[in-house]
Number of protein chains: 2
Amino acid sequence: MTNVAPMKGAGKTQSQFIQIIPGPIEVTDEVLFANAHLSMSHMSPNFARVFGDCIHMTRQLLYSEDAQPFLIAGSGTLGWDQVSANLVEPGKNVLVLHSGCFADSFADCLQTYGANVDQIKAEIGGAVKEADIENTLQVKKYKIVTVTHVDTSTAVLSNIKAIPNVVKRVSPDTLVIVDAICSVASEEIQMDAWGIDVVLTASQKGLGTPLGLSILVASQKAIQVFENRSTPVTTYYGSWKKWLPIMKAYENNPAAYFTTPPINVFHVSLTQIIQGSLHQEVSRCVTKAAEEIGFKGVSLSEDIQANGMSALYFPDGFTASDIIPRLLKKDVVVAGGLHASIKGQ
Amino acid sequence: MTNVAPMKGAGKTQSQFIQIIPGPIEVTDEVLFANAHLSMSHMSPNFARVFGDCIHMTRQLLYSEDAQPFLIAGSGTLGWDQVSANLVEPGKNVLVLHSGCFADSFADCLQTYGANVDQIKAEIGGAVKEADIENTLQVKKYKIVTVTHVDTSTAVLSNIKAIPNVVKRVSPDTLVIVDAICSVASEEIQMDAWGIDVVLTASQKGLGTPLGLSILVASQKAIQVFENRSTPVTTYYGSWKKWLPIMKAYENNPAAYFTTPPINVFHVSLTQIIQGSLHQEVSRCVTKAAEEIGFKGVSLSEDIQANGMSALYFPDGFTASDIIPRLLKKDVVVAGGLHASIKGQ
């Protein structure tokens, strides 16, 4: 394994550090070994079976009977492009619920593809209030509402069980899109029962696999909206017009080609998660232990504190340059602040 | 390694088959072990150094002094989106040189982002003639000319040393884009000396790494064209406006964030290729041996036969269903025909 050397740093292999960061998360030995498997032909019957299983299991993970998974080489961000370019036609209205800085990026993506974006911004550490969503939906018609399930910059957990109810009551045609990049397999998500139209995520977070896979699941209602578009889809790489027949073919096990999928590793991890349990409660332990020594959670109350990650203010009087190098000396890697308004705190 | 079981098929592990397909290609043990490395934080100094090295080495691989590499999670197809959305503004003219069916797909991608596409189609097994390129450029102004270096459906090798000369002589502002998905590290490509503006490829072909990385290198002239656009970029995930500062930051070794990169494996393979030699001549041996037993190469002449892959007609009187299952019985996996006009042959 001499050529692995460039991955080492400061005389210490990566596995000797304890990484407490919001992803990429740790990966089990089984997943790592699967990733070391020779690449299969993406057109072979063996691979078609693996890919078909992945599609089934992704649907199962989100408690859906009939939603349509899309598994495409990319990062979580590619899910934003898929929503923007397949579900929102240029000039349509979109409502973005803001509970941290990833809502600003999703809004930027939607605008790139021609959407008119309004945002409801919660105070820092808070989630958007249902009454505010209801009032906003009453005055304007929106094609979609987007919500960040857990925003990595604040660890705020939005109530994605309640929000679709509000939307359905006031504006039944509006689709509910959940950015679950930081929550799938850490928080419970019941697509069908809760009435969610799109869940999007990535492989390196709760699913515990290496980087490189964009995972998006769309309800049949969302697929209908896509199929009834009156203008052409505005992306090629993320186009559901290209991908929908491919995903349907692989699910029935014959291979089909649009572009080459990066799937080696995915099967093992999904199997582990479905056979096991969610990675919950870890974050509450970390937050609680940190609060005992003077840190403070960013989330304003415990009911909106994520189960899968923690965002903490430094103790009063301390800054990042006091804390982070000290943790590194103890081989603990943490991520600095992401939210521009509270970055130094 | 019990959980690798789902990747096996018919009681035989994948590595017991001999895959003679146009990619994914075989991967060395060093690369596989690197892929089994724990995921690093993409914001850590160790990872920044690895990523910076990858950017350097990608430039070196294409014999360029100052071209700008973009390494993004995705497949080769994402390179087409990057060209279409960053270099061609809606309504601009594009000339696609067609030496196999991947030119049709690239044209489809360009049209998705609003380009007006003309194609010059070579006869099947031939490359587009320089005189035809010259005549076409004389009657209309094109923003870019695209050429497939090696088309996977025909194994035709286009002369990417001569074509930029023709373009520069007749239409010096027109950028030359080389789709080198099936040729990087199999065929020689000298970006600076030959005057190529964009080379795009993917990780699972000549570079011999697992699937999942879109690799694109743009000349400074192309970067200037991008920076002088008069309309906004029409993609988010593949936007150079987002990626250019990230790639520049990583090259100087501080980490920067747009979206999470899938880079674990890349370093090792590039090091191996740059220290070693190209995978040339393999295809000529395969073609020659196959011709001795009755197959016939699709390429019309030897000077346009790719060095890194072979496309063959079946012997007279034989079809795919005669040949492919027999090879499979001998544990040899080949890919069926891709070009619609000659698919069965």
# chains A, B, ... in the order shown; residues from 1 in each chain; ligands from 1

call {"tool": "select_by_dssp", "arguments": {"residues": "segment 111-273 of chain A", "states": "strand (DSSP E or B)", "output": "number ranges by chain"}}
result
A: 116-121, 144-148, 150-151, 156-157, 175-179, 184, 187, 198-202, 213-218

call {"tool": "residues_around", "arguments": {"residues": "Ala162 of chain A", "least_positions_apart": "5", "cutoff": "10 Å", "atoms": "only C-alpha atoms", "output": "PyMOL selection string"}}
result
chain A and resi 130+167+194-195

call {"tool": "closest_residue", "arguments": {"among": "A:Met57, A:Leu87, A:Val147, A:Ala107", "to": "Thr235 of chain A", "atoms": "only C-alpha atoms"}}
result
A:Leu87

call {"tool": "select_by_dssp", "arguments": {"residues": "segment 166-263 of chain B", "states": "alpha helix (DSSP H)", "output": "PyMOL selection string"}}
result
chain B and resi 166-170+191-194+220-227+240-251

call {"tool": "residues_around", "arguments": {"residues": "Lys248 of chain A", "least_positions_apart": "4", "cutoff": "9 Å", "atoms": "only C-alpha atoms", "output": "number ranges by chain"}}
result
A: 52, 68, 243-244, 252-253

call {"tool": "residues_around", "arguments": {"residues": "Ala222 of chain A", "least_positions_apart": "5", "cutoff": "8 Å", "atoms": "only C-alpha atoms", "output": "ChimeraX atom specification"}}
result
/A:87,175,197-198

call {"tool": "write_last_selection", "arguments": {"atoms": "N, CA and C atoms", "output": "PDB file, in the first residue's frame"}}
result
ATOM      1  N   LEU A  87     -38.233  20.476 -12.485  1.00  0.00           N
ATOM      2  CA  LEU A  87     -39.550  20.725 -11.883  1.00  0.00           C
ATOM      3  C   LEU A  87     -39.993  22.179 -11.971  1.00  0.00           C
ATOM      4  N   LEU A 175     -45.461  21.634  -4.876  1.00  0.00           N
ATOM      5  CA  LEU A 175     -44.652  20.483  -4.466  1.00  0.00           C
ATOM      6  C   LEU A 175     -43.754  20.847  -3.283  1.00  0.00           C
ATOM      7  N   ASP A 197     -42.648  15.506  -1.718  1.00  0.00           N
ATOM      8  CA  ASP A 197     -42.558  15.223  -3.150  1.00  0.00           C
ATOM      9  C   ASP A 197     -41.146  14.936  -3.644  1.00  0.00           C
ATOM     10  N   VAL A 198     -40.154  15.557  -3.044  1.00  0.00           N
ATOM     11  CA  VAL A 198     -38.770  15.250  -3.416  1.00  0.00           C
ATOM     12  C   VAL A 198     -37.912  15.226  -2.164  1.00  0.00           C
TER      13      VAL A 198
END

call {"tool": "closest_residue", "arguments": {"among": "B:Val225, B:Ala202, B:Leu300, B:Ala67", "to": "chain A", "atoms": "only C-alpha atoms"}}
result
B:Ala202

call {"tool": "residues_around", "arguments": {"residues": "His98 of chain A", "least_positions_apart": "4", "cutoff": "7 Å", "atoms": "only C-alpha atoms", "output": "list in words"}}
result
Ala103, Gln119, Ile120, Lys121, Ala122 and Val128 of chain A

call {"tool": "atom_distance", "arguments": {"atom1": "atom CA of Ala218 of chain A", "atom2": "atom CA of Tyr257 of chain B"}}
result
27.4 Å

call {"tool": "atom_distance", "arguments": {"atom1": "atom CA of Leu157 of chain B", "atom2": "atom CA of Ser99 of chain B"}}
result
8.5 Å

call {"tool": "closest_residue", "arguments": {"among": "A:Lys242, A:Arg59, A:Arg169, A:His149", "to": "chain B", "atoms": "only C-alpha atoms"}}
result
A:Lys242
